[in-house]
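As stored in model_13.txt (compact mmCIF, N, CA and C atoms):
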# COMPACT_ATOMS: atom_id res chain seq x y z
N MET A 1 8.01 -4.65 -15.21
CA MET A 1 7.53 -4.78 -16.57
C MET A 1 6.06 -4.38 -16.65
N ARG A 2 5.28 -4.76 -15.63
CA ARG A 2 3.86 -4.41 -15.64
C ARG A 2 3.65 -2.91 -15.66
N ILE A 3 4.47 -2.20 -14.88
CA ILE A 3 4.31 -0.74 -14.82
C ILE A 3 4.67 -0.12 -16.17
N CYS A 4 5.66 -0.67 -16.85
CA CYS A 4 6.05 -0.17 -18.17
C CYS A 4 4.89 -0.35 -19.15
N ILE A 5 4.28 -1.52 -19.16
CA ILE A 5 3.15 -1.79 -20.05
C ILE A 5 1.99 -0.89 -19.69
N PHE A 6 1.73 -0.73 -18.39
CA PHE A 6 0.65 0.14 -17.94
C PHE A 6 0.87 1.57 -18.41
N MET A 7 2.12 2.07 -18.22
CA MET A 7 2.43 3.45 -18.62
C MET A 7 2.22 3.64 -20.12
N MET A 8 2.67 2.70 -20.91
CA MET A 8 2.52 2.82 -22.35
C MET A 8 1.05 2.74 -22.76
N THR A 9 0.27 1.87 -22.10
CA THR A 9 -1.15 1.75 -22.40
C THR A 9 -1.88 3.05 -22.10
N VAL A 10 -1.61 3.61 -20.93
CA VAL A 10 -2.23 4.88 -20.55
C VAL A 10 -1.81 5.97 -21.52
N PHE A 11 -0.52 6.02 -21.81
CA PHE A 11 0.00 7.05 -22.71
C PHE A 11 -0.64 6.95 -24.09
N LEU A 12 -0.73 5.74 -24.62
CA LEU A 12 -1.29 5.57 -25.95
C LEU A 12 -2.79 5.82 -25.98
N SER A 13 -3.49 5.57 -24.87
CA SER A 13 -4.94 5.75 -24.86
C SER A 13 -5.35 7.21 -24.79
N VAL A 14 -4.48 8.10 -24.37
CA VAL A 14 -4.86 9.51 -24.25
C VAL A 14 -4.45 10.34 -25.46
N ILE A 15 -3.87 9.72 -26.46
CA ILE A 15 -3.49 10.46 -27.66
C ILE A 15 -4.74 10.72 -28.50
N PRO A 16 -5.12 11.99 -28.65
CA PRO A 16 -6.32 12.30 -29.42
C PRO A 16 -6.05 12.23 -30.92
N ALA A 17 -7.12 12.11 -31.69
CA ALA A 17 -6.99 12.21 -33.14
C ALA A 17 -6.66 13.66 -33.44
N ALA A 18 -5.51 13.91 -34.04
CA ALA A 18 -5.04 15.28 -34.21
C ALA A 18 -4.53 15.49 -35.62
N ALA A 19 -4.19 16.73 -35.89
CA ALA A 19 -3.60 17.08 -37.17
C ALA A 19 -2.25 16.38 -37.31
N PRO A 20 -1.73 16.25 -38.54
CA PRO A 20 -0.46 15.55 -38.74
C PRO A 20 0.70 16.11 -37.91
N ALA A 21 0.77 17.41 -37.74
CA ALA A 21 1.86 17.99 -36.94
C ALA A 21 1.75 17.56 -35.48
N GLN A 22 0.52 17.55 -34.97
CA GLN A 22 0.31 17.11 -33.60
C GLN A 22 0.60 15.62 -33.47
N MET A 23 0.25 14.85 -34.49
CA MET A 23 0.50 13.42 -34.45
C MET A 23 1.99 13.15 -34.46
N SER A 24 2.74 13.92 -35.23
CA SER A 24 4.20 13.77 -35.27
C SER A 24 4.79 14.08 -33.90
N ALA A 25 4.30 15.13 -33.27
CA ALA A 25 4.77 15.48 -31.93
C ALA A 25 4.40 14.38 -30.94
N SER A 26 3.21 13.80 -31.11
CA SER A 26 2.80 12.70 -30.24
C SER A 26 3.70 11.49 -30.43
N LYS A 27 4.05 11.20 -31.68
CA LYS A 27 4.96 10.08 -31.95
C LYS A 27 6.31 10.33 -31.30
N ASP A 28 6.83 11.55 -31.44
CA ASP A 28 8.12 11.89 -30.82
C ASP A 28 8.03 11.70 -29.31
N ALA A 29 6.92 12.13 -28.71
CA ALA A 29 6.73 11.96 -27.27
C ALA A 29 6.65 10.47 -26.92
N GLN A 30 5.99 9.68 -27.77
CA GLN A 30 5.92 8.24 -27.54
C GLN A 30 7.31 7.63 -27.55
N TYR A 31 8.13 8.04 -28.50
CA TYR A 31 9.47 7.49 -28.62
C TYR A 31 10.33 7.86 -27.41
N LEU A 32 10.21 9.11 -26.96
CA LEU A 32 10.97 9.53 -25.78
C LEU A 32 10.50 8.79 -24.54
N ALA A 33 9.18 8.63 -24.40
CA ALA A 33 8.64 7.90 -23.25
C ALA A 33 9.08 6.43 -23.30
N THR A 34 9.12 5.87 -24.49
CA THR A 34 9.55 4.48 -24.65
C THR A 34 11.00 4.31 -24.23
N ILE A 35 11.86 5.21 -24.70
CA ILE A 35 13.28 5.06 -24.37
C ILE A 35 13.50 5.25 -22.87
N LYS A 36 12.75 6.14 -22.25
CA LYS A 36 12.90 6.34 -20.80
C LYS A 36 12.43 5.10 -20.04
N ALA A 37 11.27 4.57 -20.40
CA ALA A 37 10.74 3.40 -19.71
C ALA A 37 11.66 2.18 -19.88
N VAL A 38 12.16 1.98 -21.09
CA VAL A 38 13.04 0.83 -21.34
C VAL A 38 14.37 1.02 -20.62
N ALA A 39 14.92 2.23 -20.63
CA ALA A 39 16.19 2.48 -19.93
C ALA A 39 16.02 2.22 -18.43
N ASN A 40 14.93 2.72 -17.85
CA ASN A 40 14.68 2.48 -16.42
C ASN A 40 14.53 0.99 -16.14
N TYR A 41 13.83 0.29 -17.01
CA TYR A 41 13.62 -1.14 -16.83
C TYR A 41 14.95 -1.90 -16.93
N LYS A 42 15.78 -1.57 -17.92
CA LYS A 42 17.04 -2.28 -18.13
C LYS A 42 18.08 -1.93 -17.06
N ILE A 43 18.01 -0.74 -16.49
CA ILE A 43 18.93 -0.39 -15.40
C ILE A 43 18.71 -1.31 -14.22
N ASP A 44 17.47 -1.74 -14.02
CA ASP A 44 17.15 -2.65 -12.92
C ASP A 44 17.44 -4.11 -13.25
N ASP A 45 17.94 -4.37 -14.46
CA ASP A 45 18.33 -5.72 -14.85
C ASP A 45 19.40 -6.23 -13.89
N GLU A 46 19.31 -7.48 -13.53
CA GLU A 46 20.21 -8.07 -12.54
C GLU A 46 21.69 -7.80 -12.85
N GLU A 47 22.09 -8.02 -14.09
CA GLU A 47 23.50 -7.86 -14.47
C GLU A 47 23.90 -6.38 -14.54
N GLU A 48 23.02 -5.55 -15.04
CA GLU A 48 23.34 -4.13 -15.20
C GLU A 48 23.32 -3.38 -13.89
N LEU A 49 22.48 -3.81 -12.97
CA LEU A 49 22.32 -3.10 -11.70
C LEU A 49 23.64 -2.98 -10.95
N ARG A 50 24.43 -4.03 -10.95
CA ARG A 50 25.74 -3.98 -10.27
C ARG A 50 26.64 -2.93 -10.91
N ASN A 51 26.67 -2.90 -12.24
CA ASN A 51 27.50 -1.91 -12.94
C ASN A 51 27.00 -0.49 -12.70
N VAL A 52 25.70 -0.32 -12.71
CA VAL A 52 25.12 1.01 -12.47
C VAL A 52 25.44 1.47 -11.05
N GLU A 53 25.33 0.58 -10.09
CA GLU A 53 25.64 0.93 -8.71
C GLU A 53 27.11 1.35 -8.58
N ARG A 54 28.00 0.66 -9.27
CA ARG A 54 29.42 1.04 -9.23
C ARG A 54 29.61 2.43 -9.84
N LEU A 55 28.92 2.71 -10.93
CA LEU A 55 29.02 4.04 -11.54
C LEU A 55 28.48 5.12 -10.62
N ARG A 56 27.40 4.84 -9.93
CA ARG A 56 26.82 5.82 -9.02
C ARG A 56 27.79 6.18 -7.89
N GLU A 57 28.65 5.24 -7.54
CA GLU A 57 29.63 5.47 -6.48
C GLU A 57 30.93 6.07 -7.01
N ASN A 58 31.10 6.12 -8.31
CA ASN A 58 32.32 6.62 -8.94
C ASN A 58 32.26 8.15 -9.03
N GLU A 59 33.03 8.81 -8.18
CA GLU A 59 32.98 10.28 -8.11
C GLU A 59 33.44 10.94 -9.40
N ALA A 60 34.48 10.39 -10.03
CA ALA A 60 34.97 10.98 -11.28
C ALA A 60 33.90 10.91 -12.36
N PHE A 61 33.23 9.77 -12.47
CA PHE A 61 32.16 9.64 -13.45
C PHE A 61 31.03 10.60 -13.15
N ASN A 62 30.66 10.73 -11.89
CA ASN A 62 29.57 11.63 -11.52
C ASN A 62 29.89 13.08 -11.84
N ARG A 63 31.14 13.50 -11.62
CA ARG A 63 31.54 14.86 -11.99
C ARG A 63 31.46 15.05 -13.51
N GLN A 64 31.95 14.06 -14.25
CA GLN A 64 31.91 14.13 -15.71
C GLN A 64 30.46 14.18 -16.20
N LEU A 65 29.60 13.36 -15.62
CA LEU A 65 28.20 13.33 -16.00
C LEU A 65 27.52 14.67 -15.71
N GLN A 66 27.84 15.27 -14.57
CA GLN A 66 27.28 16.59 -14.24
C GLN A 66 27.72 17.65 -15.25
N ARG A 67 28.99 17.60 -15.66
CA ARG A 67 29.47 18.55 -16.68
C ARG A 67 28.73 18.34 -18.00
N MET A 68 28.54 17.08 -18.38
CA MET A 68 27.83 16.79 -19.63
C MET A 68 26.38 17.27 -19.55
N MET A 69 25.72 17.00 -18.43
CA MET A 69 24.33 17.42 -18.28
C MET A 69 24.21 18.94 -18.26
N GLY A 70 25.25 19.61 -17.80
CA GLY A 70 25.25 21.07 -17.80
C GLY A 70 25.25 21.66 -19.20
N LYS A 71 25.62 20.87 -20.18
CA LYS A 71 25.64 21.34 -21.57
C LYS A 71 24.27 21.22 -22.23
N LEU A 72 23.35 20.55 -21.58
CA LEU A 72 22.00 20.38 -22.12
C LEU A 72 21.09 21.47 -21.58
N GLN A 73 20.04 21.76 -22.33
CA GLN A 73 19.04 22.70 -21.86
C GLN A 73 17.68 22.30 -22.42
N ASN A 74 16.64 22.65 -21.71
CA ASN A 74 15.28 22.31 -22.12
C ASN A 74 14.46 23.56 -22.46
N THR A 75 15.09 24.55 -23.01
CA THR A 75 14.37 25.77 -23.41
C THR A 75 14.01 25.69 -24.88
N ARG A 76 13.17 26.59 -25.32
CA ARG A 76 12.73 26.57 -26.72
C ARG A 76 13.87 26.91 -27.67
N THR A 77 14.81 27.71 -27.26
CA THR A 77 15.93 28.05 -28.13
C THR A 77 17.09 27.09 -27.85
N LYS A 78 16.97 25.92 -28.41
CA LYS A 78 17.98 24.90 -28.18
C LYS A 78 19.09 25.06 -29.20
N ASN A 79 20.32 24.81 -28.75
CA ASN A 79 21.43 24.88 -29.68
C ASN A 79 21.54 23.57 -30.47
N SER A 80 22.46 23.53 -31.41
CA SER A 80 22.57 22.37 -32.29
C SER A 80 22.94 21.10 -31.53
N LYS A 81 23.73 21.21 -30.47
CA LYS A 81 24.10 20.04 -29.67
C LYS A 81 22.85 19.45 -29.01
N ASN A 82 22.02 20.29 -28.45
CA ASN A 82 20.78 19.83 -27.83
C ASN A 82 19.85 19.20 -28.86
N GLN A 83 19.75 19.82 -30.02
CA GLN A 83 18.91 19.28 -31.09
C GLN A 83 19.40 17.91 -31.53
N ARG A 84 20.71 17.75 -31.65
CA ARG A 84 21.29 16.47 -32.07
C ARG A 84 21.03 15.39 -31.03
N VAL A 85 21.19 15.72 -29.76
CA VAL A 85 20.93 14.75 -28.68
C VAL A 85 19.46 14.33 -28.72
N LEU A 86 18.57 15.28 -28.87
CA LEU A 86 17.14 14.98 -28.93
C LEU A 86 16.81 14.11 -30.14
N GLN A 87 17.41 14.41 -31.27
CA GLN A 87 17.20 13.63 -32.49
C GLN A 87 17.66 12.18 -32.28
N ILE A 88 18.81 11.99 -31.66
CA ILE A 88 19.33 10.64 -31.39
C ILE A 88 18.38 9.90 -30.46
N LEU A 89 17.91 10.56 -29.41
CA LEU A 89 16.98 9.93 -28.47
C LEU A 89 15.68 9.52 -29.15
N LYS A 90 15.15 10.39 -29.98
CA LYS A 90 13.90 10.07 -30.69
C LYS A 90 14.11 8.89 -31.64
N GLN A 91 15.22 8.87 -32.36
CA GLN A 91 15.48 7.78 -33.30
C GLN A 91 15.66 6.46 -32.55
N ALA A 92 16.42 6.50 -31.46
CA ALA A 92 16.61 5.28 -30.66
C ALA A 92 15.28 4.82 -30.08
N GLY A 93 14.48 5.75 -29.60
CA GLY A 93 13.15 5.42 -29.07
C GLY A 93 12.26 4.80 -30.13
N LYS A 94 12.32 5.33 -31.34
CA LYS A 94 11.52 4.78 -32.45
C LYS A 94 11.95 3.35 -32.75
N GLU A 95 13.25 3.12 -32.81
CA GLU A 95 13.74 1.77 -33.10
C GLU A 95 13.32 0.79 -32.01
N ILE A 96 13.44 1.20 -30.75
CA ILE A 96 13.03 0.32 -29.65
C ILE A 96 11.53 0.10 -29.68
N TYR A 97 10.77 1.16 -29.91
CA TYR A 97 9.31 1.07 -30.01
C TYR A 97 8.91 0.07 -31.09
N ASP A 98 9.54 0.19 -32.26
CA ASP A 98 9.22 -0.71 -33.37
C ASP A 98 9.59 -2.16 -33.07
N ILE A 99 10.68 -2.37 -32.36
CA ILE A 99 11.10 -3.73 -32.00
C ILE A 99 10.12 -4.35 -31.02
N LEU A 100 9.68 -3.58 -30.03
CA LEU A 100 8.85 -4.13 -28.96
C LEU A 100 7.36 -4.17 -29.24
N LYS A 101 6.89 -3.41 -30.22
CA LYS A 101 5.43 -3.40 -30.42
C LYS A 101 4.94 -4.63 -31.11
Please render this file's structure as structure tokens.
Amino acid sequence: MRICIFMMTVFLSVIPAAAPAQMSASKDAQYLATIKAVANYKIDDEEELRNVERLRENEAFNRQLQRMMGKLQNTRTKNSKNQRVLQILKQAGKEIYDILK
């Protein structure tokens, strides 16, 4: 938990005063960073860790996950599926950010 708070403090302290477009991009980055930090923290939760470990050992799930990840891309010309996934992640990150702040 301390590392999560530290990461968010550092991240928030380096955001410069910028134009509205840059601020929007900074907010989106904050939301993505929040969702990643919270997901990593919750994966280590006592109850979830057992389930996650079982999934990591499940070969069928791992193959399916690899196929799903193969459909994503991080290039500038993102398709609609990638845009939708990113939009969902940003919205979820915003909701979590708003709950925890």
Check: Excluding same-chain residues fewer than 5 positions from stretch 30-45 of chain A, what lies within 6 Å of it counting only C-alpha atoms, as a count of residues only?
Finding: 3
Checklist line | Expected answer as number ranges by chain: alpha helix (DSSP H) residues in stretch 32-85 of chain A | finding: A: 32-43, 46-57, 59-70, 80-85
Next item on the list: Find the distance between atom C of A:Glu95 and atom N of A:Ala29 and write it in Å to one decimal.
Entry: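 Between these atoms lies a distance of 13.4 Å.
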Put a box with edges along x, y and z around all the listed atoms of stretch 27-40 of chain A, pad it by 5 Å on each side, then give me its centre and sizes in Å, one decimal, as AutoDock Vina command-line options.
--center_x 10.1 --center_y 6.5 --center_z -24.0 --size_x 22.1 --size_y 21.3 --size_z 25.8
Item checked: Computed interatomic separation between atom CA of A:Glu48 and atom CA of A:Asp28 (Å) ->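 One can read the atom CA of A:Glu48 to atom CA of A:Asp28 distance as 27.1 Å.
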Notebook entry, point to check: atom CA of A:Ala60 and atom CA of A:Gln73, how far apart in Å?
Noted result: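 It comes out at 22.4 Å.
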Next item on the list: For stretch 62-72 of chain A, please output as number ranges by chain all residues within 12 Å (counting only C-alpha atoms; exclusion window: fewer than 3 positions along the same chain).
Entry: A: 52-59, 75, 77-86
